[in-house]
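S.K.: Pasting structure.txt below, which is compact mmCIF, C-alpha atoms.
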```txt
# COMPACT_ATOMS: atom_id res chain seq x y z
CA MET A 1 -26.26 -24.74 13.32
CA THR A 2 -28.10 -21.89 11.66
CA PRO A 3 -26.22 -19.46 9.40
CA GLN A 4 -26.75 -16.74 11.99
CA GLU A 5 -25.06 -18.83 14.67
CA PHE A 6 -22.18 -19.65 12.32
CA PHE A 7 -21.63 -15.94 11.71
CA GLU A 8 -21.58 -15.26 15.47
CA LEU A 9 -19.07 -18.09 15.93
CA SER A 10 -16.86 -16.83 13.10
CA ILE A 11 -16.75 -13.41 14.78
CA TYR A 12 -15.45 -15.01 17.99
CA ILE A 13 -12.90 -17.11 16.06
CA SER A 14 -11.56 -14.06 14.25
CA PHE A 15 -11.37 -12.17 17.56
CA GLY A 16 -9.19 -14.99 18.89
CA LEU A 17 -6.94 -15.12 15.80
CA THR A 18 -6.49 -11.33 15.82
CA ILE A 19 -5.54 -11.37 19.52
CA ILE A 20 -2.88 -14.04 18.81
CA ALA A 21 -1.61 -11.85 15.97
CA PHE A 22 -1.44 -8.93 18.43
CA LEU A 23 0.67 -11.03 20.80
CA PHE A 24 3.11 -12.04 18.06
CA THR A 25 3.47 -8.44 16.91
CA ILE A 26 4.12 -7.24 20.46
CA LEU A 27 6.74 -10.00 20.84
CA ARG A 28 8.52 -8.61 17.76
CA LEU A 29 8.19 -5.12 19.25
CA ILE A 30 9.96 -6.29 22.41
CA LEU A 31 12.61 -8.43 20.63
CA GLY A 32 13.21 -5.78 17.98
CA THR A 33 16.98 -5.91 17.35
CA THR A 34 16.72 -2.74 15.24
CA LEU A 35 14.64 0.43 15.41
CA ALA A 36 13.20 -0.33 11.96
CA ASP A 37 11.77 -3.63 13.22
CA ARG A 38 10.07 -1.83 16.07
CA ILE A 39 8.61 0.83 13.76
CA LEU A 40 7.35 -1.95 11.50
CA SER A 41 5.64 -3.68 14.42
CA LEU A 42 3.97 -0.41 15.44
CA ASP A 43 2.68 -0.09 11.87
CA MET A 44 1.45 -3.67 12.05
CA LEU A 45 -0.27 -2.95 15.39
CA VAL A 46 -2.22 -0.15 13.70
CA THR A 47 -3.24 -2.49 10.87
CA LEU A 48 -4.36 -5.14 13.35
CA GLY A 49 -6.20 -2.49 15.36
CA ILE A 50 -8.17 -1.55 12.24
CA GLY A 51 -9.05 -5.22 11.75
CA PHE A 52 -10.04 -5.56 15.40
CA ILE A 53 -12.33 -2.51 15.19
CA ALA A 54 -13.82 -3.96 11.99
CA ILE A 55 -14.70 -7.22 13.78
CA PHE A 56 -16.03 -5.26 16.76
CA THR A 57 -18.25 -3.27 14.38
CA LEU A 58 -19.73 -6.53 13.08
CA HIS A 59 -20.08 -7.83 16.65
CA THR A 60 -22.06 -4.86 17.94
CA GLY A 61 -23.75 -3.87 14.69
CA PHE A 62 -23.00 -0.25 15.55
CA TYR A 63 -21.46 1.14 12.36
CA ALA A 64 -20.17 4.39 13.84
CA TYR A 65 -17.05 2.42 14.88
CA LEU A 66 -16.13 2.27 11.19
CA ASP A 67 -15.18 5.96 11.23
CA MET A 68 -12.85 5.19 14.10
CA ALA A 69 -11.08 2.52 12.01
CA ILE A 70 -10.59 4.94 9.10
CA ALA A 71 -9.32 7.69 11.42
CA LEU A 72 -6.91 5.21 13.03
CA GLY A 73 -5.61 4.31 9.58
CA LEU A 74 -4.96 7.99 8.79
CA VAL A 75 -3.15 8.66 12.06
CA GLY A 76 -1.19 5.41 11.83
CA PHE A 77 0.04 6.25 8.33
CA LEU A 78 1.22 9.68 9.48
CA ALA A 79 2.93 8.10 12.48
CA THR A 80 4.82 5.66 10.24
CA VAL A 81 5.93 8.50 7.96
CA ALA A 82 7.17 10.49 10.96
CA PHE A 83 8.99 7.45 12.40
CA ALA A 84 10.65 6.76 9.05
CA ARG A 85 11.94 10.31 8.98
CA LEU A 86 13.20 9.92 12.53
CA LEU A 87 15.04 6.73 11.55
CA MET A 88 16.66 8.44 8.60
CA HIS A 89 17.76 11.65 10.31
CA ARG A 90 18.43 10.29 13.78
CA GLY A 91 21.27 12.06 15.55
CA GLU A 92 22.39 14.12 12.58
CA THR A 93 19.98 16.99 12.27
CA ASN A 94 21.70 20.18 11.26
CA ASP A 95 19.34 22.27 13.33
CA THR A 96 21.44 24.89 15.06
CA PRO A 97 20.11 27.72 17.22
CA ALA A 98 18.98 30.72 15.21
CA GLY A 99 21.90 32.90 16.37
CA ASP A 100 24.54 30.41 15.23
CA LYS A 101 22.93 30.00 11.84
CA LEU A 102 22.96 33.75 11.24
CA GLU A 103 26.68 33.91 12.03
CA ASP A 104 27.38 31.08 9.64
CA ILE A 105 25.64 32.85 6.82
CA GLU A 106 27.40 36.15 7.51
CA ASP A 107 30.72 34.37 7.71
CA GLY A 108 31.01 33.58 4.04
CA ASP A 109 33.36 30.62 4.48
CA GLY A 110 31.11 29.01 7.06
CA SER A 111 28.12 29.04 4.75
CA GLN A 112 29.72 26.29 2.70
CA GLU A 113 29.67 24.05 5.73
CA VAL A 114 25.95 24.43 6.40
CA LYS A 115 24.09 21.61 4.75
CA THR A 116 20.43 21.99 3.92
CA SER A 117 18.59 20.21 6.68
CA GLY A 118 15.60 18.09 5.78
CA GLY A 119 16.29 18.41 2.08
CA THR A 120 14.68 15.07 1.30
CA ASN A 121 11.10 14.64 0.29
CA MET B 17 -26.26 -18.44 2.93
CA LEU B 18 -24.83 -14.94 2.88
CA ASP B 19 -24.02 -15.26 6.58
CA ILE B 20 -21.99 -18.42 5.97
CA PHE B 21 -20.06 -16.74 3.13
CA LEU B 22 -19.38 -13.66 5.26
CA GLY B 23 -18.28 -15.82 8.19
CA CYS B 24 -15.77 -17.65 5.98
CA LEU B 25 -14.54 -14.32 4.59
CA LEU B 26 -14.03 -12.97 8.10
CA ILE B 27 -12.11 -16.05 9.26
CA ALA B 28 -9.95 -15.95 6.11
CA ALA B 29 -9.15 -12.28 6.77
CA ALA B 30 -8.22 -13.05 10.38
CA ILE B 31 -5.98 -15.91 9.20
CA PHE B 32 -4.20 -13.55 6.79
CA ASN B 33 -3.64 -11.11 9.66
CA LEU B 34 -2.24 -13.95 11.76
CA ILE B 35 0.06 -14.99 8.90
CA ALA B 36 1.34 -11.42 8.70
CA ALA B 37 2.11 -11.48 12.41
CA ILE B 38 3.84 -14.88 12.15
CA GLY B 39 5.85 -13.53 9.23
CA LEU B 40 6.87 -10.56 11.34
CA LEU B 41 8.20 -13.02 13.90
CA ARG B 42 9.74 -15.64 11.60
CA LEU B 43 11.31 -13.84 8.64
CA PRO B 44 15.01 -13.02 8.97
CA ASP B 45 15.40 -9.25 8.48
CA VAL B 46 13.42 -6.03 8.42
CA TYR B 47 13.13 -5.92 4.62
CA THR B 48 11.58 -9.37 4.32
CA ARG B 49 9.34 -8.69 7.32
CA MET B 50 8.07 -5.64 5.48
CA HIS B 51 6.72 -7.91 2.75
CA ALA B 52 4.58 -9.81 5.28
CA ALA B 53 3.32 -6.69 7.04
CA SER B 54 2.54 -4.62 3.97
CA LYS B 55 0.86 -7.35 1.90
CA ALA B 56 -0.80 -9.89 4.18
CA GLY B 57 -1.64 -7.31 6.86
CA THR B 58 -3.22 -4.83 4.47
CA PHE B 59 -5.10 -7.58 2.68
CA GLY B 60 -6.45 -9.04 5.94
CA SER B 61 -7.74 -5.78 7.37
CA GLY B 62 -9.02 -4.69 3.96
CA LEU B 63 -10.98 -7.94 3.63
CA MET B 64 -12.58 -7.30 7.02
CA LEU B 65 -13.77 -3.88 5.86
CA VAL B 66 -15.15 -5.49 2.68
CA THR B 67 -17.03 -7.93 4.93
CA ILE B 68 -18.59 -4.96 6.74
CA ALA B 69 -19.52 -3.39 3.41
CA ILE B 70 -21.38 -6.53 2.30
CA HIS B 71 -22.89 -7.21 5.71
CA ALA B 72 -24.28 -3.68 6.16
CA GLY B 73 -26.13 -3.69 2.86
CA GLU B 74 -26.62 0.07 3.07
CA ILE B 75 -25.02 2.30 0.51
CA ASN B 76 -23.73 4.95 2.93
CA ILE B 77 -21.97 2.42 5.16
CA ALA B 78 -20.69 0.34 2.24
CA SER B 79 -19.23 3.42 0.54
CA ARG B 80 -17.47 4.41 3.76
CA ALA B 81 -16.00 0.93 4.21
CA LEU B 82 -14.85 0.74 0.57
CA ALA B 83 -13.32 4.22 0.83
CA GLY B 84 -11.39 2.89 3.81
CA VAL B 85 -10.16 -0.09 1.75
CA ALA B 86 -9.03 2.20 -1.09
CA PHE B 87 -7.26 4.37 1.44
CA PHE B 88 -5.35 1.44 2.98
CA LEU B 89 -4.35 0.13 -0.44
CA LEU B 90 -2.97 3.59 -1.27
CA THR B 91 -1.09 4.25 1.97
CA ALA B 92 0.37 0.80 2.73
CA PRO B 93 2.89 0.82 -0.19
CA ILE B 94 3.93 4.38 0.64
CA SER B 95 4.71 3.64 4.27
CA ALA B 96 6.51 0.42 3.28
CA HIS B 97 8.61 2.34 0.74
CA LEU B 98 9.47 5.10 3.23
CA LEU B 99 10.41 2.62 5.93
CA ALA B 100 12.55 0.44 3.63
CA ARG B 101 14.36 3.49 2.29
CA ALA B 102 14.91 4.94 5.76
CA ALA B 103 16.18 1.59 7.02
CA TYR B 104 18.64 1.27 4.13
CA VAL B 105 19.90 4.85 4.44
CA ALA B 106 20.26 4.45 8.21
CA GLY B 107 22.59 1.54 7.46
CA ILE B 108 20.57 -1.41 8.70
CA GLU B 109 22.27 -4.45 7.21
CA PRO B 110 20.20 -6.83 5.06
CA TRP B 111 20.11 -10.48 6.09
CA SER B 112 23.34 -12.42 5.48
CA GLY B 113 21.49 -14.66 3.00
CA THR B 114 20.73 -11.77 0.66
CA VAL B 115 21.74 -12.93 -2.81
CA ARG B 116 22.45 -9.66 -4.59
CA ASP B 117 22.40 -6.02 -3.63
CA ASP B 118 22.17 -3.58 -6.52
CA LEU B 119 21.57 -0.70 -4.11
CA LYS B 120 24.98 -1.01 -2.51
CA GLY B 121 27.05 2.14 -2.94
CA HIS B 122 24.34 4.00 -4.80
CA TYR B 123 23.32 6.23 -1.90
CA LYS B 124 25.48 9.31 -2.17
CA ASP B 125 24.89 10.69 1.34
CA LYS B 126 22.82 10.29 4.47
CA GLN B 127 20.15 12.59 3.05
CA GLY B 128 18.98 9.80 0.80
CA HIS B 129 20.16 11.12 -2.58
CA LEU B 130 20.32 8.14 -4.90
CA SER B 131 22.24 7.72 -8.13
CA SER B 132 20.96 5.55 -10.93
CA ASP B 133 22.63 2.61 -12.66
CA GLU B 134 23.80 4.56 -15.67
CA GLU B 135 25.99 7.05 -13.84
CA MET C 14 -10.32 13.14 -22.23
CA ASN C 15 -11.16 14.75 -18.89
CA LYS C 16 -13.62 17.00 -20.71
CA ILE C 17 -15.68 14.00 -21.78
CA PHE C 18 -15.65 12.69 -18.22
CA LEU C 19 -16.91 16.07 -17.00
CA ILE C 20 -19.67 16.03 -19.61
CA ASN C 21 -20.54 12.53 -18.40
CA VAL C 22 -20.83 13.73 -14.78
CA LEU C 23 -22.77 16.81 -15.85
CA LEU C 24 -25.25 14.61 -17.74
CA ALA C 25 -25.60 12.44 -14.63
CA PHE C 26 -26.49 15.51 -12.58
CA THR C 27 -28.94 16.57 -15.28
CA TRP C 28 -30.56 13.14 -14.98
CA CYS C 29 -30.88 13.64 -11.21
CA ALA C 30 -32.34 17.13 -11.67
CA VAL C 31 -34.94 15.88 -14.12
CA GLN C 32 -35.78 12.99 -11.81
CA GLY C 33 -35.91 15.30 -8.82
CA SER C 34 -33.94 13.00 -6.51
CA PHE C 35 -30.26 13.43 -5.74
CA THR C 36 -29.67 10.11 -4.02
CA PHE C 37 -26.36 8.33 -4.52
CA ILE C 38 -27.88 5.38 -6.37
CA ASN C 39 -29.75 7.67 -8.76
CA LEU C 40 -26.52 9.54 -9.48
CA ILE C 41 -24.74 6.27 -10.32
CA PHE C 42 -27.67 5.23 -12.50
CA GLY C 43 -27.59 8.59 -14.28
CA PHE C 44 -23.86 8.20 -14.81
CA PHE C 45 -24.39 4.87 -16.56
CA ILE C 46 -27.24 6.24 -18.69
CA SER C 47 -25.20 9.26 -19.76
CA SER C 48 -22.18 7.12 -20.58
CA ALA C 49 -24.47 4.96 -22.72
CA ALA C 50 -25.59 8.14 -24.48
CA LEU C 51 -21.96 9.14 -25.07
CA TRP C 52 -21.27 5.66 -26.38
CA LEU C 53 -24.08 6.02 -28.92
CA ILE C 54 -22.47 9.12 -30.46
CA ARG C 55 -18.92 7.68 -30.45
CA GLU C 56 -18.52 7.79 -34.24
CA GLN C 57 -19.84 11.32 -34.77
CA PHE C 58 -18.04 12.99 -31.87
CA GLY C 59 -15.02 10.73 -31.40
CA THR C 60 -15.67 9.57 -27.85
CA SER C 61 -14.56 6.00 -28.51
CA LYS C 62 -11.05 6.75 -27.16
CA TYR C 63 -12.67 7.66 -23.84
CA PHE C 64 -14.31 4.25 -23.65
CA ASN C 65 -11.14 2.42 -24.69
CA ARG C 66 -9.27 4.15 -21.92
CA THR C 67 -12.00 3.38 -19.38
CA TRP C 68 -11.72 -0.30 -20.29
CA LEU C 69 -7.93 -0.18 -19.96
CA ILE C 70 -8.12 1.43 -16.53
CA LEU C 71 -10.71 -1.12 -15.39
CA GLY C 72 -8.44 -3.86 -16.72
CA LEU C 73 -5.53 -2.42 -14.73
CA ILE C 74 -7.65 -2.46 -11.55
CA VAL C 75 -8.71 -6.08 -12.13
CA LEU C 76 -5.11 -7.11 -12.85
CA PHE C 77 -4.00 -5.35 -9.69
CA LEU C 78 -6.58 -7.11 -7.49
CA LYS C 79 -5.63 -10.47 -8.99
CA GLU C 80 -1.92 -9.87 -8.44
CA LEU C 81 -2.57 -8.66 -4.90
CA PHE C 82 -4.36 -11.90 -4.07
CA MET C 83 -1.57 -13.99 -5.64
CA SER C 84 1.05 -12.04 -3.71
CA VAL C 85 -0.74 -12.59 -0.41
CA LEU C 86 -0.89 -16.34 -1.07
CA ARG C 87 2.80 -16.38 -1.99
CA VAL C 88 3.83 -14.46 1.13
CA ALA C 89 1.65 -16.80 3.21
CA TRP C 90 3.44 -19.82 1.75
CA LEU C 91 6.88 -18.28 2.32
CA VAL C 92 6.00 -17.51 5.93
CA LEU C 93 4.49 -20.88 6.73
CA LYS C 94 6.91 -23.22 4.92
CA PRO C 95 9.47 -24.90 7.15
CA GLY C 96 13.09 -23.78 7.12
CA GLN C 97 14.59 -20.44 6.17
CA SER C 98 15.44 -20.93 2.51
CA TYR C 99 14.65 -17.52 1.04
CA LYS C 100 16.73 -15.77 -1.57
CA PRO C 101 16.07 -12.08 -0.94
CA SER C 102 17.85 -9.49 -3.07
CA PHE C 103 17.83 -5.83 -4.02
CA ILE C 104 17.57 -5.41 -7.76
CA SER C 105 17.52 -2.36 -10.02
CA PHE C 106 14.83 -1.89 -12.63
CA PRO C 107 15.36 0.52 -15.56
CA LEU C 108 12.24 2.66 -15.96
CA THR C 109 10.57 3.39 -19.28
CA VAL C 110 7.85 5.57 -17.76
CA ASP C 111 9.14 8.99 -16.79
CA ALA C 112 6.27 11.16 -15.54
CA PRO C 113 6.14 11.39 -11.73
CA HIS C 114 2.54 10.18 -11.43
CA GLU C 115 3.26 7.14 -13.61
CA ILE C 116 6.31 6.23 -11.53
CA THR C 117 4.25 6.58 -8.35
CA LEU C 118 1.56 4.31 -9.74
CA LEU C 119 4.10 1.73 -10.92
CA ALA C 120 5.94 1.75 -7.58
CA ASN C 121 2.70 1.30 -5.64
CA LEU C 122 1.58 -1.53 -7.91
CA ILE C 123 4.96 -3.24 -7.56
CA THR C 124 4.80 -3.07 -3.78
CA LEU C 125 1.48 -4.90 -3.67
CA THR C 126 2.42 -7.66 -6.12
CA PRO C 127 4.11 -11.03 -5.61
CA GLY C 128 7.34 -10.93 -3.68
CA THR C 129 8.42 -7.42 -4.63
CA LEU C 130 8.63 -4.14 -2.71
CA SER C 131 9.83 -0.88 -4.22
CA VAL C 132 12.49 0.76 -2.08
CA ASP C 133 13.49 3.95 -3.86
CA VAL C 134 13.67 5.83 -7.15
CA SER C 135 16.97 7.37 -8.19
CA ASP C 136 17.20 11.16 -8.31
CA ASP C 137 17.10 11.26 -12.12
CA ASN C 138 13.92 9.13 -12.30
CA LYS C 139 15.60 6.46 -14.41
CA THR C 140 16.04 3.52 -12.06
CA LEU C 141 13.65 1.95 -9.59
CA TYR C 142 15.21 -0.16 -6.84
CA ILE C 143 13.14 -3.14 -5.75
CA HIS C 144 13.54 -5.57 -2.87
CA CYS C 145 12.50 -9.12 -3.77
CA ILE C 146 11.80 -11.67 -1.08
CA ASP C 147 12.57 -14.78 -3.11
CA VAL C 148 13.91 -14.54 -6.64
CA ASP C 149 15.76 -16.98 -8.87
CA ASP C 150 15.88 -15.28 -12.25
CA VAL C 151 16.34 -11.51 -12.06
CA GLU C 152 16.05 -10.94 -15.81
CA ALA C 153 12.74 -12.81 -15.97
CA LEU C 154 11.35 -10.67 -13.15
CA ARG C 155 12.44 -7.45 -14.89
CA LYS C 156 10.78 -8.67 -18.07
CA ASP C 157 7.57 -9.56 -16.16
CA ILE C 158 7.28 -6.05 -14.73
CA ALA C 159 8.17 -4.30 -17.99
CA GLU C 160 5.69 -6.29 -20.05
CA GLY C 161 2.99 -6.52 -17.39
CA PHE C 162 2.39 -3.42 -15.31
CA GLU C 163 4.59 -0.92 -17.10
CA ARG C 164 3.06 -1.61 -20.51
CA LYS C 165 -0.47 -1.52 -19.09
CA ILE C 166 0.22 1.80 -17.35
CA LEU C 167 1.57 3.27 -20.59
CA GLU C 168 -1.50 2.05 -22.47
CA ALA C 169 -3.97 3.32 -19.91
CA LEU C 170 -2.49 6.72 -19.14
CA ARG C 171 -1.23 7.88 -22.53
```
Write out the structure in this file as structure tokens.
M.R.:
Amino acid sequence: MTPQEFFELSIYISFGLTIIAFLFTILRLILGTTLADRILSLDMLVTLGIGFIAIFTLHTGFYAYLDMAIALGLVGFLATVAFARLLMHRGETNDTPAGDKLEDIEDGDGSQEVKTSGGTN
Amino acid sequence: MLDIFLGCLLIAAAIFNLIAAIGLLRLPDVYTRMHAASKAGTFGSGLMLVTIAIHAGEINIASRALAGVAFFLLTAPISAHLLARAAYVAGIEPWSGTVRDDLKGHYKDKQGHLSSDEE
Amino acid sequence: MNKIFLINVLLAFTWCAVQGSFTFINLIFGFFISSAALWLIREQFGTSKYFNRTWLILGLIVLFLKELFMSVLRVAWLVLKPGQSYKPSFISFPLTVDAPHEITLLANLITLTPGTLSVDVSDDNKTLYIHCIDVDDVEALRKDIAEGFERKILEALR
């Protein structure tokens, strides 16, 4: 076996391993048990997707796919941040319609009740 | 010679990714699963990008791939931290085998304000 | 300190201008030549601190890569070993570093090192809460972090 053939073979092997990893991650996404587990598997899917694109780049030799992997990493990170915020503030946002908020502030007593929404960083 | 080395590197990276996925399936709770996803997963995909950087042999492609690696190493801890914190504040119970929990009772409210040990 | 780095970059650009080629490799080459020039005048102009710090930062990066590799191997072993005999725990770590960028760096380094994941920093920046996947001796782990990463960060950034 020439080195070139070995490299081709290793690309196919890593394709196979990554696809198995995808299946396991999707199984965790379905089983879940908590929302945090599902968010974590989505994050893991993005990571595996980056790896898959990286192998595909080596397979085709067309390096423009690399930009796609980096862009996917950026979007996936933002998605995880947004999901984490959702998990933290689920069902208890203090967003009230603009009219109600104005009344609360004018009220004087009511203003004590209004908590700052989204006060975390 | 270089092809054989790169092939081994690629397979090792894929195995690390697979281990991360197995860890996601096998470990008992979301906090321990986070360890597998944020370490083995990041390392596996990062190693694949390093393989591209060596394989390409051109400076513009290698610099792009290495910038991608640096980016993943920077963002993976941040998303793990945010997710762990959100999970704890949202009240997701740690695994029953958790030995000690210094965080217990330190979160003052659901907004995530946290008091330190000395207070 | 940043001023010397800027002079270094400026000298690298000067090298490129004199050479007449602004390729990336030539810029890197110029950077090394100009840092060698700055190293030559270290006693007259006091640039030796700049080089010390560069070495410390490089050492921090090497330490980080080594620890990352160790942590991946450790997680791999924990995942693959039979049975579920982990001892996960949340522990608190009293911080010596206090500047926000140092805490960020320490928390990120902790997350990518063996068996630890930083969860949150208290509001007064004094305690870092860490989740450990498998820990026997909490005090030993605290000591490891304090004398490993925290000391190196203090040396490199101050």
S.K.: I'd like the interatomic distance between atom CA of B:Ala53 and atom CA of A:Met44, to a tenth of an Å.
M.R.: 6.1 Å
S.K.: Within 7 Å of B:Leu25, counting only C-alpha atoms, which residues show up once you throw out same-chain ones fewer than 4 positions away? Write them as a list in words, please.
M.R.: Phe21, Ala29 and Thr67 of chain B
S.K.: At a cut-off of 6 Å, list the chain B residues touching chain A, using all atoms listed in the file, as a PyMOL selection string.
M.R.: chain B and resi 19-20+23+27+30+34+37+41+46+61+84+99+102+106
S.K.: Give the answer as one residue: which of C:Leu170, C:Val132, C:Leu78, C:Leu118 has the shortest atom-to-atom distance to B:Gly62, using only C-alpha atoms?
M.R.: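 Among C:Leu170, C:Val132, C:Leu78, C:Leu118, it is C:Leu78 that comes nearest to B:Gly62.
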S.K.: Distance cut-off 12 Å, counting only C-alpha atoms - which residues of chain C neighbour chain A? Return them as a compact mmCIF listing (two decimals) with C-alpha atoms, in the frame of the given file.
M.R.:
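Written out: part.txt:
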```txt
# COMPACT_ATOMS: atom_id res chain seq x y z
CA ASP C 133 13.49 3.95 -3.86
CA VAL C 134 13.67 5.83 -7.15
CA ASP C 136 17.20 11.16 -8.31
```
S.K.: Please compute the atom CA of B:Gly39-atom CA of B:Glu109 distance, one decimal, in Å.
M.R.: 18.9 Å
S.K.: Just checking: using all atoms listed in the file, which residue out of C:Glu56, C:Asp137, C:Asp157, C:Asp150 ends up closest to chain B?
M.R.: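 Among C:Glu56, C:Asp137, C:Asp157, C:Asp150, it is C:Asp137 that comes nearest to chain B.
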S.K.: Here is a test: counting all atoms listed in the file, which residue of C:Leu51, C:Ile158, C:Ile38, C:Leu167 is nearest to chain B?
M.R.: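 Among the listed residues, the smallest separation from chain B belongs to C:Ile38.
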S.K.: What's the separation between atom CA of C:Gln97 and atom CA of B:Ser54, in Å to one decimal place?
M.R.: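 Result for atom CA of C:Gln97 versus atom CA of B:Ser54: 20.0 Å, one decimal.
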S.K.: Which chain C residues are at most 10 Å from chain B (counting all atoms listed in the file), as a VMD selection string?
M.R.: chain C and resid 37 to 38 81 to 82 84 to 93 96 to 107 117 to 118 120 to 149 151
S.K.: How would you write as a PyMOL selection string the residues that get within 9 Å of (-19.9, -4.5, 6.3) in the file's frame, counting all atoms listed in the file?
M.R.: (chain A and resi 54+57-58+63) or (chain B and resi 64-74+77-78+81)
